[in-house]
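Peer 1: Okay, so here is protein29.pdb, and as you'll see once you scroll down, it has PDB, C-alpha atoms.
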```pdb
ATOM      1  CA  PRO A  37     302.134  48.953 193.491  1.00  0.00           C
ATOM      2  CA  LEU A  38     299.252  51.284 192.715  1.00  0.00           C
ATOM      3  CA  ARG A  39     299.926  54.878 191.641  1.00  0.00           C
ATOM      4  CA  VAL A  40     298.162  58.074 192.673  1.00  0.00           C
ATOM      5  CA  GLY A  41     296.075  59.367 189.756  1.00  0.00           C
ATOM      6  CA  ASN A  42     295.541  55.925 188.216  1.00  0.00           C
ATOM      7  CA  SER A  43     292.688  53.462 188.556  1.00  0.00           C
ATOM      8  CA  PRO A  44     293.404  50.091 190.117  1.00  0.00           C
ATOM      9  CA  GLN A  45     293.225  47.185 187.698  1.00  0.00           C
ATOM     10  CA  LEU A  46     291.786  44.304 189.694  1.00  0.00           C
ATOM     11  CA  SER A  47     290.939  40.792 188.533  1.00  0.00           C
ATOM     12  CA  LEU A  48     288.312  39.267 190.837  1.00  0.00           C
ATOM     13  CA  ARG A  49     287.239  35.636 190.835  1.00  0.00           C
ATOM     14  CA  THR A  50     284.985  33.468 192.946  1.00  0.00           C
ATOM     15  CA  THR A  51     284.539  29.709 193.017  1.00  0.00           C
ATOM     16  CA  ALA A  52     280.791  29.916 193.683  1.00  0.00           C
ATOM     17  CA  ALA A  53     277.937  31.823 192.104  1.00  0.00           C
ATOM     18  CA  GLY A  54     276.599  34.715 194.143  1.00  0.00           C
ATOM     19  CA  TYR A  55     276.734  38.452 194.676  1.00  0.00           C
ATOM     20  CA  MET A  56     280.052  40.280 194.660  1.00  0.00           C
ATOM     21  CA  ASN A  57     280.683  43.337 196.833  1.00  0.00           C
ATOM     22  CA  LEU A  58     283.989  45.207 196.639  1.00  0.00           C
ATOM     23  CA  TYR A  59     284.889  47.746 199.314  1.00  0.00           C
ATOM     24  CA  PHE A  60     287.895  50.013 199.741  1.00  0.00           C
ATOM     25  CA  ILE A  61     289.704  51.733 202.585  1.00  0.00           C
ATOM     26  CA  ASN A  62     292.165  54.297 201.266  1.00  0.00           C
ATOM     27  CA  PRO A  63     295.345  55.456 203.062  1.00  0.00           C
ATOM     28  CA  SER A  64     293.560  58.494 204.529  1.00  0.00           C
ATOM     29  CA  GLY A  65     290.910  56.196 206.056  1.00  0.00           C
ATOM     30  CA  LYS A  66     288.094  57.017 203.633  1.00  0.00           C
ATOM     31  CA  THR A  67     285.876  54.068 202.784  1.00  0.00           C
ATOM     32  CA  GLY A  68     283.454  53.132 200.063  1.00  0.00           C
ATOM     33  CA  GLN A  69     282.000  50.474 197.810  1.00  0.00           C
ATOM     34  CA  LEU A  70     283.146  49.831 194.240  1.00  0.00           C
ATOM     35  CA  LEU A  71     280.801  46.950 193.381  1.00  0.00           C
ATOM     36  CA  THR A  72     277.396  46.411 194.983  1.00  0.00           C
ATOM     37  CA  ASN A  73     275.691  43.004 194.816  1.00  0.00           C
ATOM     38  CA  TYR A  74     277.202  42.373 191.389  1.00  0.00           C
ATOM     39  CA  PRO A  75     275.863  38.984 190.205  1.00  0.00           C
ATOM     40  CA  VAL A  76     278.615  36.495 189.316  1.00  0.00           C
ATOM     41  CA  GLN A  77     278.776  32.899 188.176  1.00  0.00           C
ATOM     42  CA  ALA A  78     281.109  30.280 189.623  1.00  0.00           C
ATOM     43  CA  HIS A  79     284.675  30.635 188.297  1.00  0.00           C
ATOM     44  CA  GLU A  80     283.795  33.847 186.449  1.00  0.00           C
ATOM     45  CA  THR A  81     286.564  36.458 186.420  1.00  0.00           C
ATOM     46  CA  ILE A  82     285.410  40.044 186.883  1.00  0.00           C
ATOM     47  CA  ALA A  83     287.664  42.958 185.933  1.00  0.00           C
ATOM     48  CA  PHE A  84     287.524  46.153 187.933  1.00  0.00           C
ATOM     49  CA  PRO A  85     286.894  48.658 186.634  1.00  0.00           C
ATOM     50  CA  PRO A  86     284.609  46.890 184.172  1.00  0.00           C
ATOM     51  CA  THR A  87     285.614  47.686 180.598  1.00  0.00           C
ATOM     52  CA  VAL A  88     281.968  48.234 179.607  1.00  0.00           C
ATOM     53  CA  SER A  89     281.321  50.974 182.183  1.00  0.00           C
ATOM     54  CA  LYS A  90     282.586  54.510 181.718  1.00  0.00           C
ATOM     55  CA  LYS A  91     280.828  55.636 184.924  1.00  0.00           C
ATOM     56  CA  LEU A  92     282.480  53.127 187.225  1.00  0.00           C
ATOM     57  CA  GLN A  93     285.906  54.694 187.657  1.00  0.00           C
ATOM     58  CA  TYR A  94     287.868  54.838 190.879  1.00  0.00           C
ATOM     59  CA  VAL A  95     290.881  57.142 190.721  1.00  0.00           C
ATOM     60  CA  LEU A  96     293.459  56.660 193.448  1.00  0.00           C
ATOM     61  CA  THR A  97     294.094  59.862 195.407  1.00  0.00           C
ATOM     62  CA  PRO A  98     296.719  60.989 197.951  1.00  0.00           C
ATOM     63  CA  PRO A  99     297.995  60.397 200.520  1.00  0.00           C
ATOM     64  CA  THR A 100     300.286  57.522 199.675  1.00  0.00           C
ATOM     65  CA  GLY A 101     300.265  54.455 201.905  1.00  0.00           C
ATOM     66  CA  MET A 102     298.343  51.189 201.899  1.00  0.00           C
ATOM     67  CA  GLU A 103     295.122  50.866 199.885  1.00  0.00           C
ATOM     68  CA  THR A 104     292.874  48.069 201.173  1.00  0.00           C
ATOM     69  CA  PHE A 105     290.322  46.216 199.076  1.00  0.00           C
ATOM     70  CA  ILE A 106     287.776  43.882 200.694  1.00  0.00           C
ATOM     71  CA  LEU A 107     285.920  41.399 198.501  1.00  0.00           C
ATOM     72  CA  VAL A 108     282.749  39.780 199.858  1.00  0.00           C
ATOM     73  CA  ILE A 109     280.749  37.129 197.991  1.00  0.00           C
ATOM     74  CA  THR A 110     277.337  36.145 199.342  1.00  0.00           C
ATOM     75  CA  HIS A 111     274.601  33.760 198.182  1.00  0.00           C
ATOM     76  CA  GLN A 112     271.965  36.462 198.778  1.00  0.00           C
ATOM     77  CA  PRO A 113     272.301  40.245 198.227  1.00  0.00           C
ATOM     78  CA  LEU A 114     274.134  41.977 201.070  1.00  0.00           C
ATOM     79  CA  ASN A 115     272.501  45.117 202.442  1.00  0.00           C
ATOM     80  CA  LEU A 116     274.488  46.477 205.361  1.00  0.00           C
ATOM     81  CA  LEU A 117     274.215  50.226 204.768  1.00  0.00           C
ATOM     82  CA  ASN A 118     271.596  52.859 205.263  1.00  0.00           C
ATOM     83  CA  ARG A 119     271.316  56.294 203.641  1.00  0.00           C
ATOM     84  CA  ARG A 120     273.220  58.016 206.465  1.00  0.00           C
ATOM     85  CA  ASP A 121     276.225  55.791 205.763  1.00  0.00           C
ATOM     86  CA  ILE A 122     276.654  57.064 202.191  1.00  0.00           C
ATOM     87  CA  SER A 123     278.323  60.479 201.939  1.00  0.00           C
ATOM     88  CA  ASN A 124     277.906  61.033 198.192  1.00  0.00           C
ATOM     89  CA  GLU A 125     274.312  59.819 197.871  1.00  0.00           C
ATOM     90  CA  LYS A 126     273.089  63.056 196.263  1.00  0.00           C
ATOM     91  CA  LYS A 127     275.903  63.351 193.689  1.00  0.00           C
ATOM     92  CA  PRO A 128     274.546  62.553 190.232  1.00  0.00           C
ATOM     93  CA  ARG A 129     276.359  60.144 187.913  1.00  0.00           C
ATOM     94  CA  THR A 130     278.396  58.593 190.714  1.00  0.00           C
ATOM     95  CA  ALA A 131     278.500  54.818 190.574  1.00  0.00           C
ATOM     96  CA  ILE A 132     280.893  54.482 193.514  1.00  0.00           C
ATOM     97  CA  ALA A 133     279.454  54.891 196.999  1.00  0.00           C
ATOM     98  CA  GLU A 134     281.628  56.839 199.441  1.00  0.00           C
ATOM     99  CA  PHE A 135     280.884  56.131 203.099  1.00  0.00           C
ATOM    100  CA  ASN A 136     280.624  58.112 206.306  1.00  0.00           C
ATOM    101  CA  LEU A 137     282.348  55.183 208.021  1.00  0.00           C
ATOM    102  CA  SER A 138     285.937  54.776 209.147  1.00  0.00           C
ATOM    103  CA  GLY A 139     287.870  51.670 208.146  1.00  0.00           C
ATOM    104  CA  PRO A 140     287.257  49.942 211.505  1.00  0.00           C
ATOM    105  CA  GLN A 141     283.554  50.894 211.374  1.00  0.00           C
ATOM    106  CA  LEU A 142     283.209  49.374 207.889  1.00  0.00           C
ATOM    107  CA  ILE A 143     284.965  46.169 208.945  1.00  0.00           C
ATOM    108  CA  ASN A 144     282.782  45.873 212.073  1.00  0.00           C
ATOM    109  CA  ARG A 145     279.637  46.457 210.011  1.00  0.00           C
ATOM    110  CA  LEU A 146     280.687  43.722 207.601  1.00  0.00           C
ATOM    111  CA  ARG A 147     281.501  41.308 210.430  1.00  0.00           C
ATOM    112  CA  ASP A 148     278.156  41.966 212.127  1.00  0.00           C
ATOM    113  CA  ALA A 149     276.215  41.430 208.889  1.00  0.00           C
ATOM    114  CA  LEU A 150     278.053  38.254 207.924  1.00  0.00           C
ATOM    115  CA  ARG A 151     277.795  36.708 211.405  1.00  0.00           C
ATOM    116  CA  ARG A 152     274.024  36.513 210.905  1.00  0.00           C
ATOM    117  CA  TRP A 153     274.486  34.115 207.994  1.00  0.00           C
ATOM    118  CA  PRO A 154     275.845  30.558 208.020  1.00  0.00           C
ATOM    119  CA  PRO A 155     279.542  30.483 207.021  1.00  0.00           C
ATOM    120  CA  SER A 156     278.701  28.389 203.956  1.00  0.00           C
ATOM    121  CA  SER A 157     276.643  31.264 202.465  1.00  0.00           C
ATOM    122  CA  TRP A 158     279.454  33.804 202.134  1.00  0.00           C
ATOM    123  CA  ASN A 159     283.184  34.279 201.717  1.00  0.00           C
ATOM    124  CA  ALA A 160     285.446  37.291 202.129  1.00  0.00           C
ATOM    125  CA  ASP A 161     289.049  38.219 201.485  1.00  0.00           C
ATOM    126  CA  SER A 162     291.120  41.366 201.510  1.00  0.00           C
ATOM    127  CA  VAL A 163     294.323  42.647 200.013  1.00  0.00           C
ATOM    128  CA  GLN A 164     296.487  45.642 200.873  1.00  0.00           C
ATOM    129  CA  LEU A 165     298.477  47.227 198.071  1.00  0.00           C
ATOM    130  CA  PRO A 166     301.000  50.058 198.356  1.00  0.00           C
ATOM    131  CA  LEU A 167     299.883  53.342 196.843  1.00  0.00           C
ATOM    132  CA  ILE A 168     302.834  55.394 195.645  1.00  0.00           C
ATOM    133  CA  ALA A 169     303.240  58.856 194.119  1.00  0.00           C
ATOM    134  CA  PRO A 170     303.246  59.191 190.337  1.00  0.00           C
ATOM    135  CA  GLY A 171     306.705  58.900 188.843  1.00  0.00           C
ATOM    136  CA  LEU A 172     308.198  56.869 191.712  1.00  0.00           C
ATOM    137  CA  ARG A 173     309.754  53.553 190.802  1.00  0.00           C
ATOM    138  CA  SER A 174     308.353  50.487 192.469  1.00  0.00           C
TER     139      SER A 174
END
```
Can you turn what I pasted into structure tokens?
Peer 2:
Amino acid sequence: PLRVGNSPQLSLRTTAAGYMNLYFINPSGKTGQLLTNYPVQAHETIAFPPTVSKKLQYVLTPPTGMETFILVITHQPLNLLNRRDISNEKKPRTAIAEFNLSGPQLINRLRDALRRWPPSSWNADSVQLPLIAPGLRS
């Protein structure tokens, strides 16, 4: 399980070259994007957070519950958001985009964007991981 106050340690891999987008929905329903059109090669493993980036940190916050990560790989860059969708756009030094979208709104936006492309040009998967309080045993 994940722990409040820590950063998730994710290992992401794709079988095809493309652009990697990683989204989150936290237990309180807040949404955002951790990786945006990150170029990847086939069979390349990407660690999140990247070890080379001090700015790209995502700290897990309360409440406890299920943390959802959605990974989308596309052959072309994916642009499904506009400025109104990003709640922390004006915060300096923030590499992670926080959204003004609920979990269902984010999922619907992704579905709508991906439906416009042939299925062979993208792939998506998600995982839900329990988020527990610090000090609790798994």
Peer 1: Go through A:Ala53, A:Pro154, A:Leu71, A:Ala169 and flag the residue nearest Leu107 in chain A, using only C-alpha atoms for the distances.
Peer 2: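 Answer, going by the shortest atom-to-atom distance: A:Leu71.
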Peer 1: For Gly101 in chain A, work out the shell of residues within 8 Å, counting only C-alpha atoms and skipping chain neighbours fewer than 5 positions away, then give it as a PyMOL selection string.
Peer 2: chain A and resi 63+166-168
Peer 1: Between A:Ile106, A:Leu48, A:Leu165, A:Leu137, which one has atoms that come closest to Phe60 in chain A, using only C-alpha atoms?
Peer 2: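 Between A:Ile106, A:Leu48, A:Leu165, A:Leu137, the residue approaching Phe60 in chain A most closely is A:Ile106.
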Peer 1: How would you write as a list in words the residues that get within 12 Å of (272.3, 53.4, 206.6) in the file's frame, counting all atoms listed in the file?
Peer 2: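 Those residues, ordered by chain and then number, are Asn115, Leu116, Leu117, Asn118, Arg119, Arg120, Asp121, Ile122, Ser123, Glu125, Phe135, Asn136, Leu137, Leu142 and Arg145 of chain A.
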Peer 1: Around the point (286.4, 40.4, 195.4), in the coordinates given by the file, pick out the residues reaching within 8 Å, counting all atoms listed in the file, and return them as an mmCIF file with C-alpha atoms, in the frame of the given file.
Peer 2:
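Contents of result06.cif, freshly written:
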```cif
data_model
loop_
_atom_site.group_PDB
_atom_site.id
_atom_site.type_symbol
_atom_site.label_atom_id
_atom_site.label_comp_id
_atom_site.auth_asym_id
_atom_site.auth_seq_id
_atom_site.Cartn_x
_atom_site.Cartn_y
_atom_site.Cartn_z
ATOM 1 C CA LEU A 48 288.312 39.267 190.837
ATOM 2 C CA ARG A 49 287.239 35.636 190.835
ATOM 3 C CA THR A 50 284.985 33.468 192.946
ATOM 4 C CA MET A 56 280.052 40.280 194.660
ATOM 5 C CA ASN A 57 280.683 43.337 196.833
ATOM 6 C CA LEU A 58 283.989 45.207 196.639
ATOM 7 C CA PHE A 105 290.322 46.216 199.076
ATOM 8 C CA ILE A 106 287.776 43.882 200.694
ATOM 9 C CA LEU A 107 285.920 41.399 198.501
ATOM 10 C CA VAL A 108 282.749 39.780 199.858
ATOM 11 C CA ILE A 109 280.749 37.129 197.991
ATOM 12 C CA ALA A 160 285.446 37.291 202.129
ATOM 13 C CA ASP A 161 289.049 38.219 201.485
ATOM 14 C CA SER A 162 291.120 41.366 201.510
#
```
Peer 1: Ranking A:Val76, A:Ile82, A:Met102, A:Leu46 by minimum distance to Gln164 in chain A and counting all atoms listed in the file, which one comes first?
Peer 2: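 Looking only at the distances to Gln164 in chain A, the closest residue turns out to be A:Met102.
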Peer 1: Show which residues sit within 9 Å of Pro44 in chain A, as a ChimeraX atom specification. Count all atoms listed in the file, and ignore same-chain residues fewer than 3 positions away.
Peer 2: /A:38-39,84-85,94-96
Peer 1: Output the residue selection produced by the PyMOL selection byres ((chain A and resi 52) around 10) on the file above, formatted as an NGL selection string.
Peer 2: :A and (49-51 or 53-55 or 76-80 or 109-111 or 157-159)
Peer 1: Compare A:Ser47, A:Asn42, A:Thr104, A:Thr97 by their minimum atom-to-atom distance to Tyr59 in chain A, counting only C-alpha atoms, and give me the closest one.
Peer 2: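 Comparing A:Ser47, A:Asn42, A:Thr104, A:Thr97 against Tyr59 in chain A, the winner is A:Thr104.
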Peer 1: One decimal, in Å: what's the spacing between CA of Glu134 in chain A and CA of Leu146 in chain A?
Peer 2: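 We find that CA of Glu134 in chain A and CA of Leu146 in chain A lie 15.5 Å from each other.
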